[in-house]
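Working notes, beginning with the structure itself.
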Amino acid sequence: MRSAILGLVLGIALLQMQASLLPMEMQLGLLGAALLLCLFAWALGWRQLQLAGLRKWLRMLLFCVAGACFGFGWADYLAQTHLDEALPAAWEGRDITVVGVVDSLPTRFARGVRFHFQVERVAPQGNQIPQLPSRLALTWYDQGNWRAVDGDEQVTAVAAAPLPQAQAPAIKAGERWQLTVRLKRPHGNANPAGFDYEVWLLEQNLRATGSVRPDQQLAYKNQRLSAFIWTPRNVLDASRGWLRERILTALADRPYAGVIVALVIGDQRAIESDDWTVFNRTGVGHLVAISGLHISLVAGLFATLMLFLWRRSFFTRAQLPLLLPAPKVALLAGFAGATGYALLAGFGIPAQRTLYMLLVVGAAYWSGRLTPLSYVLPLALAAVLLFDPWALLWPGFWLSFAAVALILYASAGRVGSDAVVESQMLSPLARYRQPSAAKKMWHKVRTGAYTQYVVTLGLLPLTMMLFGQYSLVSPVANAVAIPVITLVVVPLSLIGSIVPTPLSDWLLLGAHETLAWLAQWLSWLSSQPFALWRLPLPAPWMFAVALIGTLWLLAPRGWPARWLGWFCWLPLLLNPGQGPQEGAMQVTALDIGQGMAVLVETSTHRLLYDTGPDFGDDADAGNRVILPYLRARGIDHLDAMVISHSHSDHAGGALSLLREIAVDNVISSLPAAHPIVKAALQHQRCLQGQRWQWDGADFQMLYPVQALYDSDKWGPNALSCVLKVSLGKHAILLPGDLEAAQEAQLLNSELAGDLRADVLLAPHHGSGTSSSLPFLQAVRPSVALFQVGYLNRFHHPKPEIYARYGQLGILRLRTDDAGAITMDLDEQQLQLGTYRQNHARYWFGR
């Protein structure tokens, strides 16, 4: 069985690395092959063959291959089922009226409300009825929250569109609504080491995203049709919403109310980003989520209560233990309580893993069988992946199962053997005496300390592989946070969320104040310079070697030379990261939506040109896209940051980056009072004629001139810093949002001859006010990059401008289509690569 489950995991993992899915015939063929291999392996076990050892290994291999065939075929079938529900491209960006039910817990944010919508009926749109996906991810915006992002063109676009209603209504789970929506197909930013929003949508079976349109000038008005539709899912979501409202009402304006909500119902969206930073730096983020520890705690509480009541027949004369043994009833109660809590908490992977393990152990006890722990964890693993084959794409899956597996592996022959040795040293009389309370406490402390040691040491290679960082203070932080949160905060929060007021208010306030004290201490711990250790993401072989060394270190007592495992960590600890060699340069145009962000790297220097847009709600391209990419590459320092101009799609992520990494020099056209200028360690105004060299690469500022700064006539676009980067015979031109008038000024200046470049970042994202024909003829690029957002409201690049590039024979690459674009240059050649091509996956839909 374990061999088959191993094969199942391998098969599903292999499917998630494919660029396309198999046809239905091959899916059925794989499932049929899995069945035949299982029958053959079973026959080998039944027949009395002479080669017993060979038969055993052959059966294991057959079961493993059968599991891989089944896993690949099953995951392929589920993926195809989800992908079949596609929004037709012709209906993207068009108003569609739908009737359906809110089937998730709506989340209020600063600019509106987000929710999932189960489509029941689509209203005719003219002579057609669109075929929509069954589930949609929708946002209903408030009025006044369409923020200017791109200067005058943005304002014109917003003014031409009808404004949203004053405020999005208070939507609740289970309500039936008629809504007019504007949809688009699933799309997310595609960058190395970035969050894959598209596969998350696929996992949730959300095959279109969009926004609710305002009521003005609509044929069908947005309106609530039914107060509540009774289904098990709606009841569950409504219950979660009720609990959330109770907690937020009792803890109004309290800073950690969102954490209490997360501990009770698993909704982490109200936790502030600064709090997440502290939790992650101290390594206690797993406690804020609904972990297996919390599920086990609830199961234990329910089981203990039922055991107490059943043994006393609920204080009646029913003699219930004679009808059914109390331990079996306690197991049922514990499993029921754990199931209810897991469902209320969103049924995350740690909760699923714990629940399935409890189910296996409980079933074994009820059937009178002894189930080794080496079977319990694989069965839980198989159950999680059968229902959700995309689970193994997320860090929580690996951390959850790896932690339990490490504890089981390292505990074999260790803690238990100490007890055996001690018992053999005692006399027969002393052996059966009840140990003292001090000894019991010491044994618990020693066991807990050893478990923490195993998890801390064992998860280090995996954590480095997934995140490129590790909290050095996590052992100390967890030693305090685990008992405080598990034994105090979680029980008070759970009980306080269901008991009547005013008792509920007192309990929730007690949980909050305890958590606030803990958070204050964690914040101090997080502020220490040694709190976090960062390295570049290791290569797979480095992780494999470190994993072997870790298993060697944690091997059971008696394993020879366990200290040799430390040497296997050396490649991981000494990982220098990957960067350009001497005499080479790498340029990466990141996929940051509607905005610009280009990283230029030489062998020893790093420059970032623009920092992408501000997304709102403490989220921007700096902390969501650029910073994760830099950390994955092991870059914690920038020699220079160029901010072309003040519009937020170019400067939106700068402050986040300045807070998190060292930047030697900021070069910009920003005014002296701008927050970015004030936050910079050193600031320099970009001016025509500035020039410097790094590692053989030449950096030349071609624009703007001083006269533009002295005039009030021009807007921020006209002040865009135009930077040319050259290496050998190749050059890249980065012009910001330069417009046609400034392009003409450059062509008439003494630097017109310096405009020639092989690669051109399309000015102003390919808008109709830039990329004039004389400018393109002067630059003569062979490649043009368009950093644009998918179906952006400005319709960049403009069709006529995009066609102009094509008519000149220029290769056109768009980040909304290609993802991040990487260029490797040396003095002789230029190589291009795109993320969606090099990292092709079937859910990209290209």
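Identifiers in this document derive from the order of the structure tokens: chains are assigned A, B, ..., residues are numbered from 1 separately in each chain, and ligands are numbered from 1 in order of occurrence.
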
Original post:
Could you name the residues that touch Ile635 in chain A at 8 Å or less, counting only C-alpha atoms, but leaving out those on the same chain fewer than 4 positions away, as a list of chain:residue names?
Top reply: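 Everything that qualifies: A:Pro536, A:Leu630, A:Arg631.
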
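Within 7 Å of range 207-214 of chain A there are Glu85, Ala86, Leu87, Pro133, Arg135, Leu136, Ala137, Leu138, Thr139, Trp140, Leu163, Pro164, Gln165, Leu179, Thr180, Val181, Arg182, Leu183, Lys184, Arg185, Pro186, Leu201 and Leu202 of chain A, counting only C-alpha atoms and ignoring same-chain residues fewer than 4 positions away.
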
For the residues in the current selection, export N, CA and C atoms as an mmCIF file, in the first residue's frame.
```
data_model
loop_
_atom_site.group_PDB
_atom_site.id
_atom_site.type_symbol
_atom_site.label_atom_id
_atom_site.label_comp_id
_atom_site.auth_asym_id
_atom_site.auth_seq_id
_atom_site.Cartn_x
_atom_site.Cartn_y
_atom_site.Cartn_z
ATOM 1 N N GLU A 85 -14.657 24.158 -18.045
ATOM 2 C CA GLU A 85 -15.537 25.290 -17.740
ATOM 3 C C GLU A 85 -14.788 26.583 -18.017
ATOM 4 N N ALA A 86 -14.804 27.003 -19.250
ATOM 5 C CA ALA A 86 -14.027 28.167 -19.662
ATOM 6 C C ALA A 86 -14.950 29.299 -20.093
ATOM 7 N N LEU A 87 -14.542 30.518 -19.782
ATOM 8 C CA LEU A 87 -15.253 31.696 -20.271
ATOM 9 C C LEU A 87 -14.840 31.928 -21.719
ATOM 10 N N PRO A 133 -18.734 29.850 -16.841
ATOM 11 C CA PRO A 133 -18.342 28.875 -15.818
ATOM 12 C C PRO A 133 -19.357 28.849 -14.678
ATOM 13 N N ARG A 135 -18.729 28.812 -11.469
ATOM 14 C CA ARG A 135 -18.328 29.612 -10.307
ATOM 15 C C ARG A 135 -17.469 30.784 -10.762
ATOM 16 N N LEU A 136 -17.720 31.941 -10.158
ATOM 17 C CA LEU A 136 -17.017 33.167 -10.495
ATOM 18 C C LEU A 136 -16.408 33.775 -9.236
ATOM 19 N N ALA A 137 -15.282 34.446 -9.388
ATOM 20 C CA ALA A 137 -14.685 35.236 -8.314
ATOM 21 C C ALA A 137 -14.965 36.697 -8.624
ATOM 22 N N LEU A 138 -15.804 37.347 -7.801
ATOM 23 C CA LEU A 138 -16.279 38.699 -8.096
ATOM 24 C C LEU A 138 -15.822 39.696 -7.044
ATOM 25 N N THR A 139 -15.747 40.956 -7.476
ATOM 26 C CA THR A 139 -15.464 42.091 -6.596
ATOM 27 C C THR A 139 -16.522 43.159 -6.855
ATOM 28 N N TRP A 140 -17.087 43.683 -5.775
ATOM 29 C CA TRP A 140 -18.047 44.785 -5.880
ATOM 30 C C TRP A 140 -17.376 45.999 -5.246
ATOM 31 N N LEU A 163 -19.825 55.726 -12.904
ATOM 32 C CA LEU A 163 -19.249 55.511 -11.574
ATOM 33 C C LEU A 163 -19.984 54.409 -10.840
ATOM 34 N N PRO A 164 -19.302 53.665 -9.973
ATOM 35 C CA PRO A 164 -19.966 52.639 -9.177
ATOM 36 C C PRO A 164 -20.930 53.262 -8.178
ATOM 37 N N GLN A 165 -21.720 52.397 -7.567
ATOM 38 C CA GLN A 165 -22.633 52.865 -6.532
ATOM 39 C C GLN A 165 -21.837 53.370 -5.333
ATOM 40 N N LEU A 179 -27.066 39.980 -10.733
ATOM 41 C CA LEU A 179 -25.949 40.904 -10.882
ATOM 42 C C LEU A 179 -25.574 41.051 -12.350
ATOM 43 N N THR A 180 -25.154 42.242 -12.711
ATOM 44 C CA THR A 180 -24.537 42.466 -14.013
ATOM 45 C C THR A 180 -23.040 42.579 -13.795
ATOM 46 N N VAL A 181 -22.295 41.712 -14.443
ATOM 47 C CA VAL A 181 -20.864 41.587 -14.174
ATOM 48 C C VAL A 181 -20.076 41.742 -15.469
ATOM 49 N N ARG A 182 -18.835 42.099 -15.311
ATOM 50 C CA ARG A 182 -17.890 42.142 -16.427
ATOM 51 C C ARG A 182 -16.749 41.197 -16.076
ATOM 52 N N LEU A 183 -16.506 40.203 -16.914
ATOM 53 C CA LEU A 183 -15.640 39.088 -16.572
ATOM 54 C C LEU A 183 -14.400 39.026 -17.467
ATOM 55 N N LYS A 184 -13.415 38.301 -16.984
ATOM 56 C CA LYS A 184 -12.260 37.939 -17.792
ATOM 57 C C LYS A 184 -11.805 36.549 -17.397
ATOM 58 N N ARG A 185 -11.051 35.923 -18.258
ATOM 59 C CA ARG A 185 -10.549 34.572 -17.998
ATOM 60 C C ARG A 185 -9.498 34.619 -16.893
ATOM 61 N N PRO A 186 -9.245 33.492 -16.229
ATOM 62 C CA PRO A 186 -8.253 33.494 -15.140
ATOM 63 C C PRO A 186 -6.886 33.955 -15.630
ATOM 64 N N LEU A 201 -6.793 29.608 -8.739
ATOM 65 C CA LEU A 201 -8.161 29.704 -9.263
ATOM 66 C C LEU A 201 -8.631 28.362 -9.814
ATOM 67 N N LEU A 202 -7.720 27.639 -10.479
ATOM 68 C CA LEU A 202 -8.082 26.319 -11.013
ATOM 69 C C LEU A 202 -8.423 25.366 -9.884
#
```

Pull the closest atom pair for each residue of range 721-779 of chain A that gets at most 9 Å from range 577-593 of chain A, along with the distance in Å to one decimal, counting only C-alpha atoms, ordering rows by chain and then ascending residue number, as a tab-separated table.
```
residue	atom	partner	partner_atom	distance
A:Leu727	CA	A:Met585	CA	7.5
A:Ile732	CA	A:Val587	CA	8.9
A:Leu761	CA	A:Ala589	CA	8.9
```

Residue subset to file, keeping N, CA and C atoms, as a compact mmCIF listing (two decimals), in the first residue's frame:
```txt
# COMPACT_ATOMS: atom_id res chain seq x y z
N LEU A 727 26.24 46.95 -23.34
CA LEU A 727 27.31 46.00 -23.06
C LEU A 727 27.82 45.48 -24.40
N ILE A 732 20.12 48.30 -24.41
CA ILE A 732 18.69 48.28 -24.04
C ILE A 732 18.30 49.70 -23.67
N LEU A 761 12.15 49.03 -24.37
CA LEU A 761 10.97 48.93 -23.52
C LEU A 761 9.96 49.95 -24.05
```

So that I can check the surroundings of range 496-504 of chain A, please list as a short mmCIF file (atom, residue, chain, number, x, y, z; two decimals) with N, CA, C and O atoms, in the first residue's frame every protein, DNA and RNA residue that reaches within 9 Å of it, counting only C-alpha atoms and ignoring chain neighbours fewer than 2 positions away.
```
data_model
loop_
_atom_site.label_atom_id
_atom_site.label_comp_id
_atom_site.auth_asym_id
_atom_site.auth_seq_id
_atom_site.Cartn_x
_atom_site.Cartn_y
_atom_site.Cartn_z
N LEU A 243 -19.91 33.75 13.20
CA LEU A 243 -18.83 33.74 14.18
C LEU A 243 -17.88 34.91 13.97
O LEU A 243 -17.42 35.54 14.94
N ARG A 244 -17.57 35.21 12.72
CA ARG A 244 -16.68 36.34 12.45
C ARG A 244 -17.27 37.65 12.94
O ARG A 244 -16.56 38.47 13.54
N ARG A 246 -19.44 38.08 15.36
CA ARG A 246 -19.43 38.10 16.83
C ARG A 246 -18.05 38.52 17.34
O ARG A 246 -17.94 39.32 18.27
N ILE A 247 -17.02 37.95 16.74
CA ILE A 247 -15.67 38.25 17.21
C ILE A 247 -15.31 39.70 16.93
O ILE A 247 -14.80 40.42 17.79
N ALA A 250 -17.20 42.04 19.26
CA ALA A 250 -16.69 42.03 20.63
C ALA A 250 -15.32 42.69 20.73
O ALA A 250 -14.97 43.26 21.76
N VAL A 264 -10.23 31.00 14.87
CA VAL A 264 -11.54 30.38 15.05
C VAL A 264 -12.09 29.82 13.74
O VAL A 264 -12.56 28.68 13.69
N PRO A 491 -8.39 28.00 23.14
CA PRO A 491 -9.60 27.64 23.92
C PRO A 491 -10.48 28.84 24.27
O PRO A 491 -11.71 28.77 24.15
N LEU A 492 -9.86 29.94 24.72
CA LEU A 492 -10.65 31.12 25.05
C LEU A 492 -11.38 31.66 23.82
O LEU A 492 -12.54 32.08 23.90
N SER A 493 -10.71 31.64 22.67
CA SER A 493 -11.33 32.15 21.44
C SER A 493 -12.49 31.27 21.00
O SER A 493 -13.56 31.77 20.62
N LEU A 494 -12.30 29.96 21.04
CA LEU A 494 -13.36 29.04 20.60
C LEU A 494 -14.58 29.11 21.53
O LEU A 494 -15.72 29.21 21.06
N TRP A 506 -15.99 38.81 27.53
CA TRP A 506 -14.89 38.70 28.48
C TRP A 506 -13.85 37.68 28.02
O TRP A 506 -12.64 37.92 28.11
N LEU A 507 -14.33 36.53 27.54
CA LEU A 507 -13.40 35.49 27.09
C LEU A 507 -12.61 35.94 25.87
O LEU A 507 -11.39 35.72 25.78
N LEU A 508 -13.29 36.55 24.89
CA LEU A 508 -12.59 37.02 23.70
C LEU A 508 -11.60 38.13 24.02
O LEU A 508 -10.50 38.18 23.46
N LEU A 509 -11.97 39.00 24.96
CA LEU A 509 -11.05 40.05 25.36
C LEU A 509 -9.83 39.46 26.07
O LEU A 509 -8.69 39.91 25.86
N ALA A 511 -8.58 36.47 25.49
CA ALA A 511 -7.76 35.86 24.44
C ALA A 511 -6.98 36.93 23.69
O ALA A 511 -5.78 36.76 23.37
#
```

Please return, as a short mmCIF file (atom, residue, chain, number, x, y, z; two decimals) with N, CA, C and O atoms, in the first residue's frame, all residues of range 169-254 of chain A that DSSP assigns to helix (DSSP H, G or I) on the basis of the backbone.
```cif
data_model
loop_
_atom_site.label_atom_id
_atom_site.label_comp_id
_atom_site.auth_asym_id
_atom_site.auth_seq_id
_atom_site.Cartn_x
_atom_site.Cartn_y
_atom_site.Cartn_z
N TYR A 197 -1.35 32.65 -9.19
CA TYR A 197 -2.78 32.91 -8.98
C TYR A 197 -3.65 32.06 -9.89
O TYR A 197 -4.75 31.66 -9.52
N GLU A 198 -3.15 31.74 -11.07
CA GLU A 198 -3.96 30.99 -12.03
C GLU A 198 -4.22 29.56 -11.55
O GLU A 198 -5.33 29.04 -11.69
N VAL A 199 -3.21 28.90 -11.00
CA VAL A 199 -3.44 27.54 -10.54
C VAL A 199 -4.27 27.54 -9.26
O VAL A 199 -5.03 26.59 -9.00
N TRP A 200 -4.18 28.60 -8.45
CA TRP A 200 -5.06 28.71 -7.28
C TRP A 200 -6.51 28.81 -7.72
O TRP A 200 -7.39 28.16 -7.13
N LEU A 201 -6.79 29.61 -8.74
CA LEU A 201 -8.16 29.70 -9.26
C LEU A 201 -8.63 28.36 -9.81
O LEU A 201 -9.79 27.98 -9.64
N LEU A 202 -7.72 27.64 -10.48
CA LEU A 202 -8.08 26.32 -11.01
C LEU A 202 -8.42 25.37 -9.88
O LEU A 202 -9.40 24.61 -9.96
N GLU A 203 -7.64 25.37 -8.82
CA GLU A 203 -7.89 24.50 -7.68
C GLU A 203 -9.25 24.78 -7.05
O GLU A 203 -9.96 23.87 -6.65
N PRO A 232 -26.04 22.68 2.56
CA PRO A 232 -25.01 22.47 3.60
C PRO A 232 -23.86 23.46 3.50
O PRO A 232 -23.38 23.96 4.53
N ARG A 233 -23.41 23.76 2.28
CA ARG A 233 -22.29 24.69 2.14
C ARG A 233 -22.69 26.09 2.58
O ARG A 233 -21.92 26.78 3.25
N ASN A 234 -23.87 26.52 2.19
CA ASN A 234 -24.31 27.86 2.58
C ASN A 234 -24.49 27.98 4.09
O ASN A 234 -24.17 29.02 4.68
N VAL A 235 -25.01 26.92 4.70
CA VAL A 235 -25.15 26.93 6.16
C VAL A 235 -23.78 27.04 6.83
O VAL A 235 -23.60 27.80 7.80
N LEU A 236 -22.80 26.31 6.30
CA LEU A 236 -21.46 26.36 6.86
C LEU A 236 -20.85 27.75 6.71
O LEU A 236 -20.30 28.32 7.66
N ASP A 237 -20.96 28.33 5.50
CA ASP A 237 -20.39 29.66 5.27
C ASP A 237 -21.13 30.72 6.10
O ASP A 237 -20.50 31.66 6.62
N ALA A 238 -22.45 30.58 6.22
CA ALA A 238 -23.21 31.53 7.04
C ALA A 238 -22.80 31.43 8.51
O ALA A 238 -22.71 32.44 9.22
N SER A 239 -22.53 30.20 8.96
CA SER A 239 -22.08 30.02 10.35
C SER A 239 -20.71 30.66 10.57
O SER A 239 -20.47 31.31 11.61
N ARG A 240 -19.84 30.51 9.60
CA ARG A 240 -18.53 31.15 9.71
C ARG A 240 -18.67 32.67 9.73
O ARG A 240 -17.97 33.36 10.49
N GLY A 241 -19.57 33.18 8.89
CA GLY A 241 -19.80 34.62 8.89
C GLY A 241 -20.37 35.12 10.21
O GLY A 241 -20.00 36.20 10.70
N TRP A 242 -21.28 34.34 10.81
CA TRP A 242 -21.86 34.71 12.11
C TRP A 242 -20.78 34.76 13.19
O TRP A 242 -20.73 35.69 14.00
N LEU A 243 -19.91 33.75 13.20
CA LEU A 243 -18.83 33.74 14.18
C LEU A 243 -17.88 34.91 13.97
O LEU A 243 -17.42 35.54 14.94
N ARG A 244 -17.57 35.21 12.72
CA ARG A 244 -16.68 36.34 12.45
C ARG A 244 -17.27 37.65 12.94
O ARG A 244 -16.56 38.47 13.54
N GLU A 245 -18.56 37.85 12.70
CA GLU A 245 -19.19 39.08 13.14
C GLU A 245 -19.21 39.19 14.67
O GLU A 245 -19.01 40.28 15.23
N ARG A 246 -19.44 38.08 15.36
CA ARG A 246 -19.43 38.10 16.83
C ARG A 246 -18.05 38.52 17.34
O ARG A 246 -17.94 39.32 18.27
N ILE A 247 -17.02 37.95 16.74
CA ILE A 247 -15.67 38.25 17.21
C ILE A 247 -15.31 39.70 16.93
O ILE A 247 -14.80 40.42 17.79
N LEU A 248 -15.59 40.16 15.71
CA LEU A 248 -15.23 41.54 15.34
C LEU A 248 -16.05 42.56 16.13
O LEU A 248 -15.56 43.65 16.43
N THR A 249 -17.28 42.20 16.46
CA THR A 249 -18.10 43.11 17.27
C THR A 249 -17.56 43.20 18.70
O THR A 249 -17.47 44.29 19.29
N ALA A 250 -17.20 42.04 19.26
CA ALA A 250 -16.69 42.03 20.63
C ALA A 250 -15.32 42.69 20.73
O ALA A 250 -14.97 43.26 21.76
#
```

Residues within 10 Å of range 447-451 of chain A, please, as an mmCIF file with C-alpha atoms, in the first residue's frame. Count only C-alpha atoms; anything in the same chain fewer than 2 positions from it doesn't count.
```cif
data_model
loop_
_atom_site.group_PDB
_atom_site.id
_atom_site.type_symbol
_atom_site.label_atom_id
_atom_site.label_comp_id
_atom_site.auth_asym_id
_atom_site.auth_seq_id
_atom_site.Cartn_x
_atom_site.Cartn_y
_atom_site.Cartn_z
ATOM 1 C CA ALA A 403 6.832 17.851 10.152
ATOM 2 C CA LEU A 406 10.147 13.841 10.778
ATOM 3 C CA ILE A 407 8.729 13.439 14.275
ATOM 4 C CA LEU A 408 7.801 9.814 13.586
ATOM 5 C CA ALA A 410 13.315 10.763 14.652
ATOM 6 C CA SER A 411 11.335 9.407 17.606
ATOM 7 C CA ARG A 414 15.037 7.513 20.888
ATOM 8 C CA VAL A 415 12.680 8.815 23.554
ATOM 9 C CA GLY A 416 11.085 5.430 24.054
ATOM 10 C CA MET A 441 6.881 16.923 34.164
ATOM 11 C CA TRP A 442 10.546 16.422 33.328
ATOM 12 C CA HIS A 443 9.673 13.693 30.848
ATOM 13 C CA LYS A 444 7.116 15.951 29.154
ATOM 14 C CA VAL A 445 9.558 18.860 28.972
ATOM 15 C CA TYR A 453 14.590 20.219 18.043
ATOM 16 C CA VAL A 454 13.583 17.642 15.429
ATOM 17 C CA VAL A 455 11.115 19.970 13.702
ATOM 18 C CA THR A 456 13.479 22.952 13.789
ATOM 19 C CA LEU A 457 16.431 21.029 12.411
ATOM 20 C CA PRO A 475 12.903 27.700 18.585
ATOM 21 C CA ALA A 479 8.716 27.416 22.877
#
```

Subject >> Interatomic distance, CA of Pro529 in chain A to CA of Thr277 in chain A (Å, one decimal) >> reply: 14.2 Å

Subject >> Atomic distance CA of Val288 in chain A - CA of Thr107 in chain A, expressed in Å with one decimal >> reply: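 A separation of 18.4 Å between them.
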